[in-house]
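S.K.: This is the content of query26.csv (CSV, C-alpha atoms):
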chain,number,residue,atom,x,y,z
S,1,MET,CA,53.7,100.3,-32.3
S,2,SER,CA,56.6,102.1,-30.7
S,3,LEU,CA,57.3,102.0,-27.0
S,4,ALA,CA,57.0,105.7,-26.0
S,5,SER,CA,58.1,106.9,-22.6
S,6,GLY,CA,55.4,107.4,-20.1
S,7,SER,CA,53.0,105.4,-22.1
S,8,SER,CA,51.9,102.0,-21.0
S,9,THR,CA,51.1,99.4,-23.5
S,10,ARG,CA,48.6,96.5,-22.7
S,11,LEU,CA,48.7,93.3,-24.5
S,12,ASP,CA,45.4,92.4,-26.0
S,13,THR,CA,44.0,89.5,-24.2
S,14,PRO,CA,40.8,87.6,-24.6
S,15,LYS,CA,37.9,89.2,-23.0
S,16,GLU,CA,37.3,86.3,-20.8
S,17,LEU,CA,40.9,86.3,-19.4
S,18,SER,CA,41.3,90.1,-19.0
S,19,ALA,CA,41.5,91.4,-15.4
S,20,PRO,CA,38.6,93.3,-14.2
S,21,THR,CA,38.9,97.1,-14.2
S,22,THR,CA,37.7,99.5,-11.5
S,23,GLY,CA,34.1,100.4,-11.8
S,24,THR,CA,33.2,97.6,-14.2
S,25,ALA,CA,31.3,94.5,-13.5
S,26,PRO,CA,33.5,91.4,-13.1
S,27,VAL,CA,33.6,89.2,-16.1
S,28,SER,CA,33.0,85.5,-15.3
S,29,ILE,CA,35.3,82.9,-16.8
S,30,GLU,CA,33.3,80.4,-18.7
S,31,GLU,CA,33.9,76.8,-17.4
S,32,PRO,CA,33.9,73.9,-19.8
S,33,ALA,CA,30.7,71.9,-20.0
S,34,THR,CA,30.6,69.2,-17.4
S,35,VAL,CA,30.7,65.7,-18.8
S,36,PRO,CA,28.3,63.3,-17.0
S,37,PRO,CA,30.0,60.5,-15.2
S,38,LEU,CA,30.0,57.1,-16.8
S,39,THR,CA,27.8,54.7,-15.0
S,40,LEU,CA,28.8,51.1,-15.3
S,41,SER,CA,25.7,48.9,-15.2
S,42,ARG,CA,26.0,45.4,-14.0
S,43,PRO,CA,25.3,42.9,-16.8
S,44,ARG,CA,22.1,41.1,-16.4
S,45,ILE,CA,22.4,37.4,-15.8
S,46,LEU,CA,20.1,35.4,-18.1
S,47,ARG,CA,18.7,32.6,-16.1
S,48,PRO,CA,17.4,29.6,-17.9
S,49,PRO,CA,13.6,29.2,-17.7
S,50,VAL,CA,12.3,26.6,-15.3
S,51,PRO,CA,10.9,23.6,-17.3
S,52,PRO,CA,7.1,23.2,-17.1
S,53,ARG,CA,7.6,19.6,-15.9
S,54,VAL,CA,9.6,20.8,-12.9
S,55,LEU,CA,6.9,23.3,-12.1
S,56,ARG,CA,4.2,20.7,-12.3
S,57,ALA,CA,6.2,18.4,-10.1
S,58,VAL,CA,6.7,21.1,-7.5
S,59,LEU,CA,3.0,22.1,-7.6
S,60,THR,CA,1.9,18.5,-7.3
S,61,GLY,CA,4.2,18.0,-4.3
S,62,ILE,CA,2.9,21.1,-2.6
S,63,THR,CA,-0.7,20.0,-3.3
S,64,LYS,CA,-0.1,16.6,-1.8
S,65,SER,CA,1.7,18.0,1.2
S,66,VAL,CA,-1.2,20.5,1.9
S,67,ALA,CA,-3.7,17.7,1.7
S,68,ILE,CA,-1.8,15.5,4.1
S,69,LEU,CA,-1.2,18.5,6.5
S,70,ALA,CA,-4.9,19.3,6.4
S,71,LEU,CA,-5.8,15.8,7.3
S,72,LEU,CA,-3.4,15.7,10.2
S,73,LEU,CA,-4.7,19.1,11.4
S,74,ALA,CA,-8.3,17.8,11.2
S,75,TRP,CA,-7.2,14.7,13.1
S,76,GLU,CA,-5.6,16.9,15.8
S,77,LEU,CA,-8.4,19.4,16.2
S,78,ALA,CA,-11.4,17.1,15.9
S,79,PRO,CA,-10.9,15.3,19.2
S,80,ARG,CA,-9.8,18.4,21.1
S,81,PHE,CA,-13.0,20.3,20.1
S,82,GLY,CA,-15.2,17.3,20.9
S,83,LEU,CA,-16.3,16.6,17.4
S,84,VAL,CA,-15.3,12.9,17.9
S,85,ASP,CA,-14.7,10.9,21.1
S,86,GLY,CA,-11.0,11.4,22.0
S,87,THR,CA,-11.0,8.0,23.7
S,88,PHE,CA,-11.4,6.1,20.5
S,89,LEU,CA,-9.7,8.7,18.2
S,90,PRO,CA,-7.0,10.4,20.1
S,91,PRO,CA,-5.3,13.5,18.7
S,92,PHE,CA,-2.5,13.0,16.3
S,93,SER,CA,0.0,14.4,18.7
S,94,GLU,CA,-0.7,11.6,21.1
S,95,VAL,CA,-0.4,9.0,18.3
S,96,ALA,CA,2.9,10.5,17.3
S,97,GLN,CA,4.1,10.4,20.9
S,98,ALA,CA,3.0,6.7,21.1
S,99,TRP,CA,4.8,6.0,17.8
S,100,TRP,CA,8.0,7.5,19.1
S,101,GLU,CA,7.8,5.4,22.3
S,102,LEU,CA,7.4,2.3,20.2
S,103,VAL,CA,10.4,3.3,18.2
S,104,ALA,CA,12.4,4.0,21.3
S,105,ASN,CA,11.7,0.7,23.0
S,106,GLY,CA,12.3,-1.3,19.8
S,107,GLN,CA,8.8,-2.8,19.5
S,108,LEU,CA,8.0,-1.0,16.3
S,109,ALA,CA,11.2,-2.1,14.6
S,110,ASP,CA,10.8,-5.7,15.6
S,111,ASN,CA,7.2,-6.0,14.5
S,112,ALA,CA,7.8,-4.1,11.3
S,113,GLN,CA,10.7,-6.3,10.4
S,114,ALA,CA,8.7,-9.5,11.0
S,115,SER,CA,5.9,-8.1,8.7
S,116,LEU,CA,8.2,-6.9,6.0
S,117,VAL,CA,10.1,-10.2,5.8
S,118,ARG,CA,6.8,-12.1,5.4
S,119,SER,CA,5.3,-9.6,3.0
S,120,PHE,CA,8.3,-9.2,0.7
S,121,SER,CA,9.0,-13.0,0.7
S,122,GLY,CA,5.4,-13.8,-0.5
S,123,PHE,CA,5.4,-10.9,-2.9
S,124,ALA,CA,8.7,-11.9,-4.5
S,125,ILE,CA,7.5,-15.5,-4.9
S,126,ALA,CA,4.3,-14.4,-6.4
S,127,VAL,CA,6.1,-12.2,-9.0
S,128,GLY,CA,8.6,-15.0,-9.8
S,129,VAL,CA,5.7,-17.5,-10.5
S,130,SER,CA,2.9,-15.3,-11.9
S,131,VAL,CA,4.9,-13.3,-14.5
S,132,PRO,CA,6.3,-16.3,-16.4
S,133,LEU,CA,3.0,-18.2,-16.1
S,134,GLY,CA,1.0,-15.2,-17.3
S,135,LEU,CA,3.4,-14.7,-20.3
S,136,LEU,CA,3.0,-18.4,-21.1
S,137,ILE,CA,-0.8,-18.3,-20.9
S,138,GLY,CA,-1.0,-15.1,-22.9
S,139,TRP,CA,1.3,-16.2,-25.6
S,140,TYR,CA,0.2,-19.8,-26.1
S,141,ARG,CA,-3.5,-20.3,-26.7
S,142,PRO,CA,-3.5,-24.1,-25.9
S,143,VAL,CA,-2.1,-23.4,-22.4
S,144,ALA,CA,-4.7,-20.8,-21.8
S,145,ASP,CA,-7.5,-23.2,-22.8
S,146,LEU,CA,-6.2,-25.8,-20.5
S,147,LEU,CA,-5.7,-23.7,-17.4
S,148,ASN,CA,-8.5,-21.1,-17.8
S,149,PRO,CA,-11.2,-23.2,-16.0
S,150,LEU,CA,-8.9,-23.8,-13.0
S,151,LEU,CA,-7.9,-20.2,-12.8
S,152,GLN,CA,-11.5,-19.0,-12.8
S,153,VAL,CA,-12.3,-21.3,-9.8
S,154,PHE,CA,-9.5,-20.0,-7.6
S,155,LEU,CA,-9.8,-16.4,-8.9
S,156,ASN,CA,-13.3,-16.1,-7.4
S,157,THR,CA,-12.2,-17.5,-4.0
S,158,ALA,CA,-11.1,-14.8,-1.6
S,159,ALA,CA,-7.7,-15.2,0.0
S,160,LEU,CA,-8.9,-14.5,3.6
S,161,ALA,CA,-11.6,-17.2,3.1
S,162,LEU,CA,-8.8,-19.7,2.6
S,163,LEU,CA,-6.8,-18.6,5.6
S,164,PRO,CA,-8.1,-21.3,7.9
S,165,VAL,CA,-7.2,-23.9,5.2
S,166,PHE,CA,-3.7,-22.6,5.0
S,167,VAL,CA,-3.4,-22.7,8.8
S,168,LEU,CA,-4.7,-26.2,9.0
S,169,LEU,CA,-2.5,-27.5,6.3
S,170,LEU,CA,0.7,-25.5,7.0
S,171,GLY,CA,0.4,-24.6,10.7
S,172,ILE,CA,0.4,-21.2,12.4
S,173,GLY,CA,4.1,-20.6,11.6
S,174,GLU,CA,5.7,-18.5,8.9
S,175,THR,CA,4.9,-20.9,6.1
S,176,SER,CA,1.1,-20.3,6.2
S,177,LYS,CA,1.5,-16.5,6.4
S,178,ILE,CA,3.9,-16.4,3.4
S,179,SER,CA,1.7,-18.8,1.5
S,180,ILE,CA,-1.4,-16.7,2.0
S,181,VAL,CA,0.5,-13.7,0.7
S,182,VAL,CA,1.6,-15.6,-2.3
S,183,TYR,CA,-1.9,-16.7,-3.1
S,184,ALA,CA,-3.3,-13.2,-2.7
S,185,CYS,CA,-0.6,-11.5,-4.8
S,186,ALA,CA,-0.5,-14.0,-7.6
S,187,TRP,CA,-3.9,-13.1,-9.1
S,188,PRO,CA,-3.4,-9.4,-9.9
S,189,ILE,CA,0.0,-10.1,-11.4
S,190,LEU,CA,-1.2,-13.1,-13.4
S,191,LEU,CA,-4.3,-11.5,-14.9
S,192,ASN,CA,-2.5,-8.3,-15.8
S,193,THR,CA,0.3,-10.2,-17.4
S,194,ILE,CA,-2.1,-12.3,-19.5
S,195,SER,CA,-3.9,-9.1,-20.6
S,196,ALA,CA,-0.6,-7.3,-21.4
S,197,VAL,CA,0.5,-10.1,-23.8
S,198,ARG,CA,-2.9,-10.3,-25.5
S,199,THR,CA,-3.2,-6.6,-26.0
S,200,VAL,CA,0.1,-5.8,-27.6
S,201,ASP,CA,-0.3,-3.5,-30.6
S,202,PRO,CA,-0.9,-5.6,-33.7
S,203,THR,CA,1.1,-3.1,-35.8
S,204,LEU,CA,4.2,-3.9,-33.7
S,205,LEU,CA,3.7,-7.6,-34.3
S,206,ARG,CA,3.3,-7.1,-38.1
S,207,LEU,CA,6.4,-5.0,-38.3
S,208,ALA,CA,8.4,-7.5,-36.3
S,209,LYS,CA,7.2,-10.4,-38.4
S,210,SER,CA,8.1,-8.5,-41.6
S,211,MET,CA,11.7,-8.4,-40.3
S,212,ASP,CA,11.7,-12.2,-40.1
S,213,LEU,CA,12.3,-12.3,-36.3
S,214,SER,CA,12.3,-15.7,-34.7
S,215,ALA,CA,9.7,-16.5,-32.1
S,216,PRO,CA,12.1,-16.1,-29.1
S,217,ARG,CA,13.5,-12.8,-30.5
S,218,LEU,CA,9.9,-11.5,-31.2
S,219,PHE,CA,9.0,-12.3,-27.6
S,220,GLN,CA,12.2,-10.7,-26.3
S,221,LYS,CA,12.2,-7.5,-28.4
S,222,VAL,CA,8.5,-6.8,-28.9
S,223,ILE,CA,6.1,-8.7,-26.6
S,224,LEU,CA,8.0,-8.4,-23.3
S,225,PRO,CA,8.9,-4.6,-23.6
S,226,ALA,CA,5.3,-3.7,-24.7
S,227,SER,CA,3.9,-5.7,-21.8
S,228,VAL,CA,5.9,-4.0,-19.0
S,229,PRO,CA,3.5,-1.2,-18.2
S,230,THR,CA,0.5,-3.4,-17.8
S,231,ILE,CA,2.5,-6.0,-15.9
S,232,PHE,CA,3.6,-3.4,-13.4
S,233,THR,CA,0.0,-2.3,-12.9
S,234,GLY,CA,-0.6,-5.8,-11.5
S,235,ILE,CA,2.6,-5.8,-9.5
S,236,ARG,CA,1.7,-2.5,-7.8
S,237,LEU,CA,-1.8,-3.9,-7.0
S,238,ALA,CA,-0.1,-7.0,-5.6
S,239,GLY,CA,2.2,-4.9,-3.5
S,240,ALA,CA,-0.8,-3.3,-1.8
S,241,VAL,CA,-2.5,-6.6,-1.4
S,242,SER,CA,0.5,-8.2,0.2
S,243,ILE,CA,0.5,-5.8,3.1
S,244,VAL,CA,-3.3,-5.9,3.6
S,245,VAL,CA,-3.6,-9.7,3.6
S,246,LEU,CA,-0.6,-10.2,5.8
S,247,VAL,CA,-1.9,-7.8,8.5
S,248,ALA,CA,-5.2,-9.6,8.5
S,249,ALA,CA,-3.4,-13.0,8.8
S,250,GLU,CA,-1.2,-11.6,11.7
S,251,MET,CA,-4.3,-10.6,13.6
S,252,ILE,CA,-5.6,-14.1,13.6
S,253,GLY,CA,-2.5,-16.1,14.6
S,254,ALA,CA,0.9,-14.5,15.2
S,255,LYS,CA,3.3,-13.5,17.9
S,256,ALA,CA,5.0,-10.7,16.0
S,257,GLY,CA,4.2,-8.3,13.2
S,258,LEU,CA,2.3,-5.1,12.7
S,259,GLY,CA,-1.0,-6.9,12.6
S,260,TYR,CA,-0.2,-8.5,15.9
S,261,LEU,CA,0.8,-5.1,17.3
S,262,ILE,CA,-2.5,-3.5,16.3
S,263,ASN,CA,-4.5,-6.4,17.6
S,264,ALA,CA,-2.7,-6.5,20.9
S,265,SER,CA,-3.0,-2.8,21.4
S,266,GLN,CA,-6.7,-3.0,20.8
S,267,TYR,CA,-7.2,-5.7,23.4
S,268,ASN,CA,-5.1,-3.8,25.9
S,269,PHE,CA,-7.0,-0.6,25.1
S,270,ALA,CA,-3.7,1.1,24.1
S,271,ILE,CA,-5.5,3.1,21.4
S,272,PRO,CA,-2.6,5.5,20.5
S,273,GLN,CA,-0.3,2.5,19.9
S,274,MET,CA,-3.0,0.9,17.7
S,275,TYR,CA,-3.2,4.0,15.5
S,276,ALA,CA,0.7,4.2,15.5
S,277,GLY,CA,0.7,0.7,14.0
S,278,ILE,CA,-1.9,1.7,11.4
S,279,VAL,CA,0.1,4.8,10.4
S,280,THR,CA,3.2,2.7,10.1
S,281,ILE,CA,1.5,0.3,7.7
S,282,SER,CA,0.2,3.2,5.6
S,283,VAL,CA,3.7,4.7,5.4
S,284,ILE,CA,5.2,1.4,4.4
S,285,GLY,CA,2.6,0.9,1.7
S,286,VAL,CA,3.2,4.3,0.2
S,287,ALA,CA,7.0,3.8,0.2
S,288,PHE,CA,6.7,0.4,-1.4
S,289,ASN,CA,4.4,1.7,-4.1
S,290,GLN,CA,6.8,4.6,-4.9
S,291,LEU,CA,9.6,2.1,-5.2
S,292,LEU,CA,7.6,0.0,-7.7
S,293,VAL,CA,6.8,3.2,-9.6
S,294,ALA,CA,10.5,4.0,-9.8
S,295,VAL,CA,11.3,0.5,-11.1
S,296,GLU,CA,8.5,0.7,-13.6
S,297,LYS,CA,9.8,4.0,-15.0
S,298,ARG,CA,13.3,2.6,-15.4
S,299,LEU,CA,12.1,-0.5,-17.2
S,300,SER,CA,9.7,1.4,-19.5
S,301,ALA,CA,12.0,4.4,-20.2
S,302,TRP,CA,11.4,3.8,-23.9
S,303,ARG,CA,7.9,5.0,-23.7
S,304,VAL,CA,7.1,8.5,-25.0
S,305,PRO,CA,5.7,10.6,-22.1
S,306,ALA,CA,2.2,11.9,-22.5
S,307,THR,CA,2.0,15.6,-23.3
S,308,GLY,CA,-0.6,18.0,-22.2
Could you render the structure as structure tokens?
M.R.:
Amino acid sequence: MSLASGSSTRLDTPKELSAPTTGTAPVSIEEPATVPPLTLSRPRILRPPVPPRVLRAVLTGITKSVAILALLLAWELAPRFGLVDGTFLPPFSEVAQAWWELVANGQLADNAQASLVRSFSGFAIAVGVSVPLGLLIGWYRPVADLLNPLLQVFLNTAALALLPVFVLLLGIGETSKISIVVYACAWPILLNTISAVRTVDPTLLRLAKSMDLSAPRLFQKVILPASVPTIFTGIRLAGAVSIVVLVAAEMIGAKAGLGYLINASQYNFAIPQMYAGIVTISVIGVAFNQLLVAVEKRLSAWRVPATG
């Protein structure tokens, strides 16, 4: 096309970019399609599942705590609402206050120490004597036939019934109290040890004998490990008996100990202090039992835990 004078030439432009003319509607410029912004999602952290054993342990702990708290709440409210006589069963808060006063003035520590020394001494002697004797009686039939009549006589004689005899023969000092604890603790340990040896799985014995193990090695590798659970059942029973019998002995003739504290508080009509001593004995018994359970689990770690 030639450029003529007076004529104007317009370059062809796209319709979208051409300038609007007079009298015509404005043409909108098309915008590019909007791209949605990218959202960065935080990666999910995969947490390992809680083992069922842990959940059962937590639920068991909560259940036990709820039961104890319910008991303490009932103990606190029953005297205050007149369900029981508050003179003979004071609220738990008063017992706790009396317990703290005994801790502050040192009476509780002194008496608890005296009782623990006697109880643990007698308990340790009973374990050291009864376990070897029970293994010997359970393993060798002639020894069992020789000692069984004598054991039956003393087994059916209560320990507290012999307390006056121990006092007459050994005096009212520490020896008689430790001796009565030894006597009371020996029987549960002895009987459970004998039963443990005699009830070892015969299959284990046959397998061990097929390997030509000597008698000492058979006893060390098979009899003793298989007897640990039943032996510890007797040891745990003896642990509870050691505290009960000792408290009873301390109530009869002693100048220190938790049994003496309980008895003296009763005579002085210091009822909250009496219950404080009883609660202390219960706590010591539970702690001692849990210690024995931990030792048993460590010594019998070879056992396959029960499922279900």
S.K.: Find the residue from S:Phe166, S:Phe120, S:Tyr267, S:Trp187 that sits nearest to S:Gln152; use only C-alpha atoms when measuring.
M.R.: S:Trp187
S.K.: Between atom CA of S:Val283 and atom CA of S:Ile180, what is the spacing in Å?
M.R.: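 Value for the atom CA of S:Ile180-atom CA of S:Val283 distance: 22.3 Å.
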S.K.: Point out the residue among S:Ala74, S:Leu135, S:Leu151, S:Val103 with the least atom-to-atom distance to S:Thr193, counting only C-alpha atoms.
M.R.: S:Leu135
S.K.: Considering all atoms listed in the file, return as a ChimeraX atom specification whatever protein or nucleic-acid residues lie within 12 Å of S:Ile223, sequence-local ones (same chain, fewer than 3 positions apart) excluded.
M.R.: /S:135-136,138-139,193-206,208-209,215-220,226-231
S.K.: Kindly save the residues from that selection, with C-alpha atoms included, as a compact mmCIF listing (two decimals), in the coordinates of the input.
M.R.:
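Writing done, so here's out.txt:
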# COMPACT_ATOMS: atom_id res chain seq x y z
CA LEU S 135 3.40 -14.70 -20.30
CA LEU S 136 3.00 -18.40 -21.10
CA GLY S 138 -1.00 -15.10 -22.90
CA TRP S 139 1.30 -16.20 -25.60
CA THR S 193 0.30 -10.20 -17.40
CA ILE S 194 -2.10 -12.30 -19.50
CA SER S 195 -3.90 -9.10 -20.60
CA ALA S 196 -0.60 -7.30 -21.40
CA VAL S 197 0.50 -10.10 -23.80
CA ARG S 198 -2.90 -10.30 -25.50
CA THR S 199 -3.20 -6.60 -26.00
CA VAL S 200 0.10 -5.80 -27.60
CA ASP S 201 -0.30 -3.50 -30.60
CA PRO S 202 -0.90 -5.60 -33.70
CA THR S 203 1.10 -3.10 -35.80
CA LEU S 204 4.20 -3.90 -33.70
CA LEU S 205 3.70 -7.60 -34.30
CA ARG S 206 3.30 -7.10 -38.10
CA ALA S 208 8.40 -7.50 -36.30
CA LYS S 209 7.20 -10.40 -38.40
CA ALA S 215 9.70 -16.50 -32.10
CA PRO S 216 12.10 -16.10 -29.10
CA ARG S 217 13.50 -12.80 -30.50
CA LEU S 218 9.90 -11.50 -31.20
CA PHE S 219 9.00 -12.30 -27.60
CA GLN S 220 12.20 -10.70 -26.30
CA ALA S 226 5.30 -3.70 -24.70
CA SER S 227 3.90 -5.70 -21.80
CA VAL S 228 5.90 -4.00 -19.00
CA PRO S 229 3.50 -1.20 -18.20
CA THR S 230 0.50 -3.40 -17.80
CA ILE S 231 2.50 -6.00 -15.90
S.K.: What does the structure give for the distance between atom CA of S:Ile189 and atom CA of S:Ile284, in Å to one decimal?
M.R.: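 It comes out at 20.2 Å.
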S.K.: For the atom pair atom CA of S:Pro188 and atom CA of S:Ala238, what is the interatomic distance in Å to one decimal place?
M.R.: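 Atom CA of S:Ala238 lies 5.9 Å from atom CA of S:Pro188.
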S.K.: Wanna dump the stretch 161-195 of chain S-stretch 112-116 of chain S contacts at 12 Å for me, each residue with its shortest atom pair and the distance in Å to one decimal, counting all atoms listed in the file, ordered by chain and number, as a Markdown table?
M.R.:
| residue | atom | partner | partner_atom | distance |
| --- | --- | --- | --- | --- |
| S:Glu174 | CA | S:Ala114 | CA | 9.7 |
| S:Lys177 | CA | S:Ser115 | CA | 9.8 |
| S:Ile178 | CA | S:Ser115 | CA | 10.0 |
| S:Val181 | CA | S:Ser115 | CA | 11.2 |
S.K.: Can you put N, CA, C and O atoms back into stretch 119-131 of chain S and show it as a JSON list (two decimals), in the frame of the given file?
M.R.:
[["chain", "number", "residue", "atom", "x", "y", "z"],
["S", 119, "SER", "N", 5.92, -10.26, 4.11],
["S", 119, "SER", "CA", 5.30, -9.60, 3.00],
["S", 119, "SER", "C", 6.15, -9.67, 1.73],
["S", 119, "SER", "O", 5.70, -10.06, 0.64],
["S", 120, "PHE", "N", 7.39, -9.27, 1.86],
["S", 120, "PHE", "CA", 8.30, -9.20, 0.70],
["S", 120, "PHE", "C", 8.62, -10.63, 0.19],
["S", 120, "PHE", "O", 8.80, -10.82, -1.01],
["S", 121, "SER", "N", 8.71, -11.59, 1.09],
["S", 121, "SER", "CA", 9.00, -13.00, 0.70],
["S", 121, "SER", "C", 7.82, -13.49, -0.19],
["S", 121, "SER", "O", 8.03, -14.03, -1.29],
["S", 122, "GLY", "N", 6.59, -13.35, 0.32],
["S", 122, "GLY", "CA", 5.40, -13.80, -0.50],
["S", 122, "GLY", "C", 5.28, -13.02, -1.75],
["S", 122, "GLY", "O", 4.93, -13.60, -2.79],
["S", 123, "PHE", "N", 5.53, -11.73, -1.70],
["S", 123, "PHE", "CA", 5.40, -10.90, -2.90],
["S", 123, "PHE", "C", 6.43, -11.32, -3.96],
["S", 123, "PHE", "O", 6.10, -11.44, -5.15],
["S", 124, "ALA", "N", 7.67, -11.55, -3.56],
["S", 124, "ALA", "CA", 8.70, -11.90, -4.50],
["S", 124, "ALA", "C", 8.39, -13.30, -5.13],
["S", 124, "ALA", "O", 8.58, -13.50, -6.35],
["S", 125, "ILE", "N", 7.90, -14.24, -4.32],
["S", 125, "ILE", "CA", 7.50, -15.50, -4.90],
["S", 125, "ILE", "C", 6.39, -15.41, -5.87],
["S", 125, "ILE", "O", 6.39, -16.04, -6.93],
["S", 126, "ALA", "N", 5.41, -14.57, -5.54],
["S", 126, "ALA", "CA", 4.30, -14.40, -6.40],
["S", 126, "ALA", "C", 4.72, -13.77, -7.77],
["S", 126, "ALA", "O", 4.24, -14.19, -8.84],
["S", 127, "VAL", "N", 5.62, -12.81, -7.73],
["S", 127, "VAL", "CA", 6.10, -12.20, -9.00],
["S", 127, "VAL", "C", 6.89, -13.24, -9.79],
["S", 127, "VAL", "O", 6.72, -13.35, -11.01],
["S", 128, "GLY", "N", 7.75, -14.01, -9.10],
["S", 128, "GLY", "CA", 8.60, -15.00, -9.80],
["S", 128, "GLY", "C", 7.74, -16.11, -10.45],
["S", 128, "GLY", "O", 8.17, -16.70, -11.45],
["S", 129, "VAL", "N", 6.57, -16.40, -9.90],
["S", 129, "VAL", "CA", 5.70, -17.50, -10.50],
["S", 129, "VAL", "C", 4.70, -16.91, -11.45],
["S", 129, "VAL", "O", 4.49, -17.48, -12.54],
["S", 130, "SER", "N", 4.07, -15.81, -11.11],
["S", 130, "SER", "CA", 2.90, -15.30, -11.90],
["S", 130, "SER", "C", 3.34, -14.68, -13.20],
["S", 130, "SER", "O", 2.63, -14.82, -14.21],
["S", 131, "VAL", "N", 4.45, -13.96, -13.22],
["S", 131, "VAL", "CA", 4.90, -13.30, -14.50],
["S", 131, "VAL", "C", 5.20, -14.31, -15.56],
["S", 131, "VAL", "O", 4.66, -14.22, -16.68]]
